[in-house]
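The next block holds one structure in the form of structure tokens; read it before the comments.
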Amino acid sequence: MSDAIDRAVGLNAEDALYGTRRLRPEFVDGAEQCRLSVLAPNDDQGLAPDVRFALAQRMAMLNNDAELQADYQAQLATLQPSDQLLALAAGASELAEPLATLARHADLVTQQPMNATEQHIRLLEQAGLSNPQIVALSELIAFVNFQTRVAAGLRLLRSA
Amino acid sequence: MIPSVNLKPLYWHPYITPVEVADATPAQLDAMKVTPSNKKISEYVRTLAHDPDSYVARTVLFNAIMYVEGGLDRADRELGALGASIVNGCRYCAVVHARRHAQLAESDAVVSAIYFDRADVLGERDAAIYRFARRLSVTPAEASAEDMAALRAVGMNDQEIIDLIHAIAIFGWANRLMHVLGHADLNK
């Protein structure tokens with residue numbers, strides 16, 4: 001069965017790389033379980049699915065990943081997102097709080113993780129995030145940056 | 001001659017208050033694997049246990065990527081992890097995985113060259129892996145067909161390259177937790 005990474009890379013069951021990926025079933029299953037844990041968690045900690053998909057779409061765009069961006073956009077569209085969330089997903093910076101703080105943090109950690117400091121965690125707290133929400137947000141940001149790199153690497157491998 | 005780098009282990013300290021075992025929910029206790037004989041849980045695990053489902057899922061994937069048998073040599077996976085950690089600015093992860101590379105390779109020549117900014121002296125295979133790791137780790141990724149060709153040229157097959165891609169990518173994840181949620185220093 002094809003998964004989110006196959007879709008992002010454009011792999012079909014008849015592609016050799018589709019089969020080679022599955023020589024590591026623990027990577028394929030593991031990445032899918034991780035995707036579910038950050039985008040469709042049993043306990044969302046009050047960080048709602050539409051916010052998660054909107055952030056994921058934004059971060060896929062920052063990674064220049066048009067396929068994952070379109071995939072997240074389609075999933076967000078099924079959740080009747082607000083105009084504010086659509087703006088966040090599309091990369092806007094003029095947003096109401098706490099979305100503005102979430103977006104700034106996701107942009108920083110995606111693009112320049114080396115520049116993240118304690119102050120950035122304090123800003124999340126000031127925007128009203130609890131410790132579980134700070135960790136859940138961090139895992140979501142980090143996952144999308146994992147997923148975009150797996151997809152980018154596999155696309156290069158397929159065309160090499 | 002490049003000197004031997006002295007990489008002292010660092011200690012990680014979170015910016016937020018970790019979960020206290022006494023206050024943990026059943027899901028958090030399960031995630032932290034707290035048992036009567038295992039009550040001392042690291043600050044790192046207790047911090048991430050604030051969101052137990054993602055912690056458990058990522059730990060399973062991380063262990064598979066770094067330790068699964070066969071395929072890419074484990075030292076090469078550590079070199080991918082090190083390249084990512086340096087680009088992402090995670091000093092803690094960089095030191096941990098530089099030390100592991102030196103242990104597995106039974107030599108600190110490669111990590112010393114990297115720490116003294118002399119990647120130009122790396123052998124062909126290490127250079128190809130390290131360059132790919134760095135270029136896949138920036139945002140957006142800059143890894144290219146030439147980088148992939150360099151991995152093939154040193155004899156890596158598709159399965160080994162898939163292992164390497166995952167070792168680099170999982171540090172795109174781990175670095176964004178360790179460096180963002182805390183800081184590292186020499187103090188316990």
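Letters A, B, ... mark the chains of the structure tokens in the order given; residue numbers begin at 1 per chain; ligand numbers begin at 1, in order shown.
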*Could you list the residues in chain B lying within 6 Å of chain A, using only C-alpha atoms, and format the result as number ranges by chain?*
B: 50-51, 53-54, 57-58, 61, 88-89, 139-140, 165, 169-170, 172-173, 176, 180
I need the chosen residues saved as a PDB file, in the first residue's frame, with N, CA and C atoms.
```pdb
ATOM      1  N   HIS B  50       5.838  14.983  27.610  1.00  0.00           N
ATOM      2  CA  HIS B  50       4.665  15.867  27.612  1.00  0.00           C
ATOM      3  C   HIS B  50       3.712  15.498  26.474  1.00  0.00           C
ATOM      4  N   ASP B  51       4.266  14.941  25.377  1.00  0.00           N
ATOM      5  CA  ASP B  51       3.433  14.486  24.247  1.00  0.00           C
ATOM      6  C   ASP B  51       3.817  13.022  23.975  1.00  0.00           C
ATOM      7  N   ASP B  53       2.587  10.241  22.633  1.00  0.00           N
ATOM      8  CA  ASP B  53       2.426   9.478  21.385  1.00  0.00           C
ATOM      9  C   ASP B  53       3.545   9.774  20.386  1.00  0.00           C
ATOM     10  N   SER B  54       3.886  11.033  20.224  1.00  0.00           N
ATOM     11  CA  SER B  54       4.939  11.367  19.253  1.00  0.00           C
ATOM     12  C   SER B  54       6.300  10.887  19.764  1.00  0.00           C
ATOM     13  N   ALA B  57       6.444   7.055  18.994  1.00  0.00           N
ATOM     14  CA  ALA B  57       6.548   6.768  17.551  1.00  0.00           C
ATOM     15  C   ALA B  57       7.937   7.139  17.031  1.00  0.00           C
ATOM     16  N   ARG B  58       8.437   8.302  17.438  1.00  0.00           N
ATOM     17  CA  ARG B  58       9.744   8.735  16.940  1.00  0.00           C
ATOM     18  C   ARG B  58      10.879   7.866  17.477  1.00  0.00           C
ATOM     19  N   LEU B  61      11.152   4.735  15.406  1.00  0.00           N
ATOM     20  CA  LEU B  61      11.735   5.013  14.082  1.00  0.00           C
ATOM     21  C   LEU B  61      13.222   5.350  14.202  1.00  0.00           C
ATOM     22  N   ASN B  88      22.466  22.090  11.397  1.00  0.00           N
ATOM     23  CA  ASN B  88      21.310  22.544  12.175  1.00  0.00           C
ATOM     24  C   ASN B  88      21.710  23.220  13.487  1.00  0.00           C
ATOM     25  N   GLY B  89      22.988  23.202  13.800  1.00  0.00           N
ATOM     26  CA  GLY B  89      23.471  23.914  14.980  1.00  0.00           C
ATOM     27  C   GLY B  89      23.168  23.223  16.291  1.00  0.00           C
ATOM     28  N   THR B 139      17.716  24.289   4.565  1.00  0.00           N
ATOM     29  CA  THR B 139      16.323  24.526   4.158  1.00  0.00           C
ATOM     30  C   THR B 139      16.274  25.666   3.156  1.00  0.00           C
ATOM     31  N   PRO B 140      15.731  25.457   1.947  1.00  0.00           N
ATOM     32  CA  PRO B 140      15.371  24.147   1.405  1.00  0.00           C
ATOM     33  C   PRO B 140      16.616  23.347   1.041  1.00  0.00           C
ATOM     34  N   ILE B 165      19.915   8.503   3.643  1.00  0.00           N
ATOM     35  CA  ILE B 165      18.893   9.565   3.584  1.00  0.00           C
ATOM     36  C   ILE B 165      18.129   9.607   4.916  1.00  0.00           C
ATOM     37  N   ALA B 169      17.918  12.577   7.620  1.00  0.00           N
ATOM     38  CA  ALA B 169      16.590  13.175   7.834  1.00  0.00           C
ATOM     39  C   ALA B 169      16.140  13.074   9.291  1.00  0.00           C
ATOM     40  N   ILE B 170      16.450  11.955   9.964  1.00  0.00           N
ATOM     41  CA  ILE B 170      15.991  11.814  11.350  1.00  0.00           C
ATOM     42  C   ILE B 170      16.721  12.809  12.253  1.00  0.00           C
ATOM     43  N   GLY B 172      17.381  15.865  11.042  1.00  0.00           N
ATOM     44  CA  GLY B 172      16.597  17.066  10.772  1.00  0.00           C
ATOM     45  C   GLY B 172      15.467  17.176  11.783  1.00  0.00           C
ATOM     46  N   TRP B 173      15.063  16.018  12.313  1.00  0.00           N
ATOM     47  CA  TRP B 173      14.045  15.954  13.370  1.00  0.00           C
ATOM     48  C   TRP B 173      14.688  16.135  14.754  1.00  0.00           C
ATOM     49  N   ARG B 176      16.047  19.477  15.801  1.00  0.00           N
ATOM     50  CA  ARG B 176      15.009  20.489  16.022  1.00  0.00           C
ATOM     51  C   ARG B 176      14.270  20.273  17.342  1.00  0.00           C
ATOM     52  N   VAL B 180      16.169  23.154  20.127  1.00  0.00           N
ATOM     53  CA  VAL B 180      15.092  24.129  20.297  1.00  0.00           C
ATOM     54  C   VAL B 180      14.520  24.080  21.720  1.00  0.00           C
TER      55      VAL B 180
END
```
Find the residues near Arg152 of chain B: any atom within 12 Å, counting only C-alpha atoms, skip ones fewer than 5 places away on the same chain, and give them as an mmCIF file with N, CA and C atoms, in the first residue's frame.
```cif
data_model
loop_
_atom_site.group_PDB
_atom_site.id
_atom_site.type_symbol
_atom_site.label_atom_id
_atom_site.label_comp_id
_atom_site.auth_asym_id
_atom_site.auth_seq_id
_atom_site.Cartn_x
_atom_site.Cartn_y
_atom_site.Cartn_z
ATOM 1 N N LEU A 156 15.863 12.391 -5.612
ATOM 2 C CA LEU A 156 17.190 12.386 -6.247
ATOM 3 C C LEU A 156 17.621 10.967 -6.581
ATOM 4 N N LEU A 157 17.331 10.041 -5.665
ATOM 5 C CA LEU A 157 17.738 8.649 -5.870
ATOM 6 C C LEU A 157 16.992 8.047 -7.062
ATOM 7 N N ALA A 160 18.414 9.331 -10.345
ATOM 8 C CA ALA A 160 19.862 9.174 -10.547
ATOM 9 C C ALA A 160 20.159 7.946 -11.399
ATOM 10 N N GLU B 124 37.418 9.812 -0.080
ATOM 11 C CA GLU B 124 36.361 10.018 -1.065
ATOM 12 C C GLU B 124 34.980 9.624 -0.530
ATOM 13 N N ARG B 125 34.918 8.466 0.136
ATOM 14 C CA ARG B 125 33.625 7.991 0.632
ATOM 15 C C ARG B 125 33.084 8.900 1.740
ATOM 16 N N ALA B 128 31.925 12.221 0.327
ATOM 17 C CA ALA B 128 30.656 12.156 -0.404
ATOM 18 C C ALA B 128 29.484 12.101 0.579
ATOM 19 N N ILE B 129 29.632 11.309 1.645
ATOM 20 C CA ILE B 129 28.573 11.189 2.650
ATOM 21 C C ILE B 129 28.382 12.512 3.394
ATOM 22 N N PHE B 132 26.798 15.245 1.158
ATOM 23 C CA PHE B 132 25.366 14.981 0.945
ATOM 24 C C PHE B 132 24.582 15.322 2.214
ATOM 25 N N ALA B 145 21.857 16.105 -8.075
ATOM 26 C CA ALA B 145 22.177 14.886 -8.818
ATOM 27 C C ALA B 145 23.681 14.577 -8.726
ATOM 28 N N GLU B 146 24.504 15.622 -8.679
ATOM 29 C CA GLU B 146 25.960 15.409 -8.574
ATOM 30 C C GLU B 146 26.300 14.767 -7.220
ATOM 31 N N ASP B 147 25.632 15.218 -6.160
ATOM 32 C CA ASP B 147 25.880 14.633 -4.837
ATOM 33 C C ASP B 147 25.495 13.153 -4.844
ATOM 34 N N ASN B 157 25.026 1.342 -2.896
ATOM 35 C CA ASN B 157 23.845 0.890 -3.637
ATOM 36 C C ASN B 157 22.594 1.606 -3.120
ATOM 37 N N ASP B 158 21.459 1.340 -3.792
ATOM 38 C CA ASP B 158 20.225 2.069 -3.458
ATOM 39 C C ASP B 158 19.809 1.869 -2.005
ATOM 40 N N GLN B 159 19.956 0.625 -1.505
ATOM 41 C CA GLN B 159 19.514 0.387 -0.133
ATOM 42 C C GLN B 159 20.391 1.155 0.866
ATOM 43 N N GLU B 160 21.683 1.199 0.609
ATOM 44 C CA GLU B 160 22.574 1.966 1.499
ATOM 45 C C GLU B 160 22.261 3.459 1.431
ATOM 46 N N ILE B 161 21.939 3.943 0.238
ATOM 47 C CA ILE B 161 21.618 5.376 0.105
ATOM 48 C C ILE B 161 20.301 5.687 0.813
#
```
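Residue neighbourhood of Ala40 of chain A, excluding near-sequence residues (fewer than 6 positions): Gln33, Cys34, Ala48, Pro49, Asp50, Arg52 and Phe53 of chain A, at 10 Å, using only C-alpha atoms.
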*asked:* Set the distance at 12 Å and use only C-alpha atoms: which residues neighbour Ala22 of chain B once local chain neighbours fewer than 3 positions away are removed? I'd like the list as a PyMOL selection string.
replied: chain B and resi 18-19+25-26+28-29+34+39-41+46
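One finds atom CA of Leu136 of chain B at 13.9 Å from atom CA of Ala150 of chain B.
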*Looking only at the backbone, which of the residues in segment 65-158 of chain B does DSSP tag as helix (DSSP H, G or I), as JSON, numbers by chain?*
{"B": [65, 66, 67, 74, 75, 76, 77, 78, 79, 80, 81, 82, 83, 84, 85, 86, 87, 88, 91, 92, 93, 94, 95, 96, 97, 98, 99, 100, 101, 102, 103, 104, 105, 109, 110, 111, 112, 113, 114, 115, 119, 120, 121, 124, 125, 126, 127, 128, 129, 130, 131, 132, 133, 134, 135, 136, 137, 145, 146, 147, 148, 149, 150, 151, 152, 153, 158]}
_Just to confirm, what's the straight-line distance from atom CA of Val96 of chain B to atom CA of Glu43 of chain B in Å (one decimal)?_
16.3 Å
_Which residues are close to segment 6-17 of chain B, i.e. within 6 Å by only C-alpha atoms, leaving aside same-chain residues fewer than 2 positions away? Reply as an NGL selection string._
:B and (181-186 or 188)
_Contact residues around Ile2 of chain B with only C-alpha atoms at 12 Å, ignoring same-chain residues under 6 positions, as an MDAnalysis selection string_ = chainID B and resid 108:122
Written selection (C-alpha atoms) as a PDB file, in the first residue's frame:
```pdb
ATOM      1  CA  ASP B 108      38.905  10.119  15.420  1.00  0.00           C
ATOM      2  CA  ALA B 109      40.572  11.236  12.170  1.00  0.00           C
ATOM      3  CA  VAL B 110      37.281  11.916  10.373  1.00  0.00           C
ATOM      4  CA  VAL B 111      35.584  13.795  13.217  1.00  0.00           C
ATOM      5  CA  SER B 112      38.772  15.739  13.960  1.00  0.00           C
ATOM      6  CA  ALA B 113      38.971  16.873  10.323  1.00  0.00           C
ATOM      7  CA  ILE B 114      35.325  17.973  10.482  1.00  0.00           C
ATOM      8  CA  TYR B 115      35.676  19.828  13.803  1.00  0.00           C
ATOM      9  CA  PHE B 116      38.806  21.637  12.617  1.00  0.00           C
ATOM     10  CA  ASP B 117      37.006  22.631   9.411  1.00  0.00           C
ATOM     11  CA  ARG B 118      39.244  20.459   7.248  1.00  0.00           C
ATOM     12  CA  ALA B 119      36.593  18.365   5.459  1.00  0.00           C
ATOM     13  CA  ASP B 120      38.837  18.812   2.389  1.00  0.00           C
ATOM     14  CA  VAL B 121      41.138  16.059   3.730  1.00  0.00           C
ATOM     15  CA  LEU B 122      38.390  13.422   4.073  1.00  0.00           C
TER      16      LEU B 122
END
```
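One finds atom CA of His179 of chain B at 13.0 Å from atom CA of Thr47 of chain B.
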